[in-house]
Amino acid sequence: MQEKISLFKEALEKGPVWLTVRGKSMQPLLIEGAGVQVIKTTKVAISDIIAFCYGQDIILHRVIRRLKTASGEKFLQTKADNGHSLDIPVAYKDILGKAVAFRIDNKYKRLDDFLGRLKAYNIWFFSSCKALCRKYGLL
């Protein structure tokens with residue numbers, strides 16, 4: 001499986017790479033079988049969907065906040081849109097890239113244009129509220 005991640009990293013060096021969504025964690029935006037275009041970048045904003053290494057898998061989840069340890073180490077907190085709990089914080093070294101577009105049923109939609117960013121902030125807001133409510137026993 002490490003070979004899969006190495007091949008993905010190599011391909012990203014050459015340009016955008018398409019991944020196929022597996023599972024339901026990013027619904028309603030990204031359904032199972034959707035194609036997601038990922039680019040290599042170091043510029044990641046709150047509400048972006050990033051691709052990162054988790055064990056031997058490549059995960060696509062939304063950034064909900066930035067974290068900094070007492071020693072100054074920086075991480076990103078991510079969460080599945082359809083999930084209730086937060087992911088383990090992601091180290092910047094584990095970030096592979098950022099999703100910039102997706103394709104479902106031959107319909108191509110940008111995630112990094114004005115409407116895509118607006119939708120991302122909306123999903124980020126409600127997803128974050130859901131996690132907070134769950135954390136404090138309100139759901």
# chains A, B, ... in the order shown; residues from 1 in each chain; ligands from 1
$ select_by_dssp --residues "chain A" --states "strand (DSSP E or B)" --output "PDB file with C-alpha atoms, in the first residue's frame"
ATOM      1  CA  VAL A  17      -4.364  13.704 -10.199  1.00  0.00           C
ATOM      2  CA  TRP A  18      -7.865  12.229 -10.125  1.00  0.00           C
ATOM      3  CA  LEU A  19      -8.960  10.041  -7.187  1.00  0.00           C
ATOM      4  CA  THR A  20     -12.156   8.023  -6.933  1.00  0.00           C
ATOM      5  CA  GLY A  35     -13.880  11.633  -9.218  1.00  0.00           C
ATOM      6  CA  VAL A  36     -11.911  14.265  -7.294  1.00  0.00           C
ATOM      7  CA  GLN A  37      -9.115  16.303  -8.844  1.00  0.00           C
ATOM      8  CA  VAL A  38      -6.217  16.879  -6.440  1.00  0.00           C
ATOM      9  CA  ILE A  39      -3.312  19.279  -6.909  1.00  0.00           C
ATOM     10  CA  ILE A  49     -10.773  19.343   1.229  1.00  0.00           C
ATOM     11  CA  ILE A  50      -7.302  17.868   1.495  1.00  0.00           C
ATOM     12  CA  ALA A  51      -5.794  14.531   0.568  1.00  0.00           C
ATOM     13  CA  PHE A  52      -3.555  13.156   3.286  1.00  0.00           C
ATOM     14  CA  CYS A  53      -1.849   9.966   4.387  1.00  0.00           C
ATOM     15  CA  TYR A  54      -3.445   7.991   7.168  1.00  0.00           C
ATOM     16  CA  ASP A  57      -4.578   5.013   2.922  1.00  0.00           C
ATOM     17  CA  ILE A  58      -5.186   8.291   1.147  1.00  0.00           C
ATOM     18  CA  ILE A  59      -8.021  10.177   2.859  1.00  0.00           C
ATOM     19  CA  LEU A  60     -10.055  13.115   1.537  1.00  0.00           C
ATOM     20  CA  HIS A  61     -11.508  15.164   4.416  1.00  0.00           C
ATOM     21  CA  ARG A  62     -12.314  18.809   5.098  1.00  0.00           C
ATOM     22  CA  VAL A  63     -10.032  21.141   7.069  1.00  0.00           C
ATOM     23  CA  ILE A  64     -11.981  22.641   9.949  1.00  0.00           C
ATOM     24  CA  ARG A  65      -9.233  24.434  11.893  1.00  0.00           C
ATOM     25  CA  ARG A  66      -5.516  24.949  12.386  1.00  0.00           C
ATOM     26  CA  LEU A  67      -3.758  23.668  15.512  1.00  0.00           C
ATOM     27  CA  LYS A  68      -0.431  24.580  17.068  1.00  0.00           C
ATOM     28  CA  LYS A  74       1.536  22.989  13.294  1.00  0.00           C
ATOM     29  CA  PHE A  75      -1.280  20.603  12.410  1.00  0.00           C
ATOM     30  CA  LEU A  76      -4.620  20.714  10.617  1.00  0.00           C
ATOM     31  CA  GLN A  77      -7.811  19.406  12.190  1.00  0.00           C
ATOM     32  CA  THR A  78      -9.907  17.576   9.628  1.00  0.00           C
ATOM     33  CA  LYS A  79     -13.327  15.972   9.653  1.00  0.00           C
ATOM     34  CA  VAL A  90      -2.915  15.931  10.357  1.00  0.00           C
ATOM     35  CA  ALA A  91       0.750  16.943  10.269  1.00  0.00           C
ATOM     36  CA  ILE A  95      -0.666  16.442   3.367  1.00  0.00           C
ATOM     37  CA  LEU A  96      -0.515  15.207  -0.204  1.00  0.00           C
ATOM     38  CA  GLY A  97      -2.591  17.923  -1.860  1.00  0.00           C
ATOM     39  CA  LYS A  98      -5.867  19.783  -2.067  1.00  0.00           C
ATOM     40  CA  ALA A  99      -9.065  18.932  -3.937  1.00  0.00           C
ATOM     41  CA  VAL A 100      -9.893  21.591  -6.533  1.00  0.00           C
ATOM     42  CA  ALA A 101     -12.702  19.966  -8.545  1.00  0.00           C
ATOM     43  CA  PHE A 102     -14.951  16.937  -8.698  1.00  0.00           C
ATOM     44  CA  ARG A 103     -16.880  15.030 -11.324  1.00  0.00           C
ATOM     45  CA  ILE A 104     -20.159  13.180 -10.797  1.00  0.00           C
ATOM     46  CA  LYS A 107     -20.700  16.929 -14.508  1.00  0.00           C
ATOM     47  CA  TYR A 108     -17.520  18.801 -13.629  1.00  0.00           C
ATOM     48  CA  LYS A 109     -17.630  21.268 -10.719  1.00  0.00           C
ATOM     49  CA  ARG A 110     -14.876  23.482  -9.347  1.00  0.00           C
TER      50      ARG A 110
END
$ select_by_dssp --residues "chain A" --states "alpha helix (DSSP H)" --output "count of residues only"
35
$ residues_around --residues "stretch 82-85 of chain A" --least-positions-apart "4" --cutoff "10 Å" --atoms "only C-alpha atoms" --output "PyMOL selection string"
chain A and resi 24-30+61+78+123+127-135+139
$ atom_distance --atom1 "atom CA of A:Leu86" --atom2 "atom CA of A:Glu32"
20.6 Å
$ closest_residue --among "A:Gly23, A:Gly33, A:Pro16, A:Gly72" --to "A:Asn106" --atoms "only C-alpha atoms"
A:Gly33
$ atom_distance --atom1 "atom CA of A:Gln56" --atom2 "atom CA of A:Ser6"
10.4 Å
$ closest_residue --among "A:Ala45, A:Asn122, A:Ser71, A:Gly55" --to "A:Lys4" --atoms "only C-alpha atoms"
A:Gly55
$ atom_distance --atom1 "atom CA of A:Glu10" --atom2 "atom CA of A:Lys40"
10.3 Å
$ closest_residue --among "A:Thr69, A:Gly116, A:Thr42, A:Ile31" --to "A:Asp81" --atoms "only C-alpha atoms"
A:Ile31
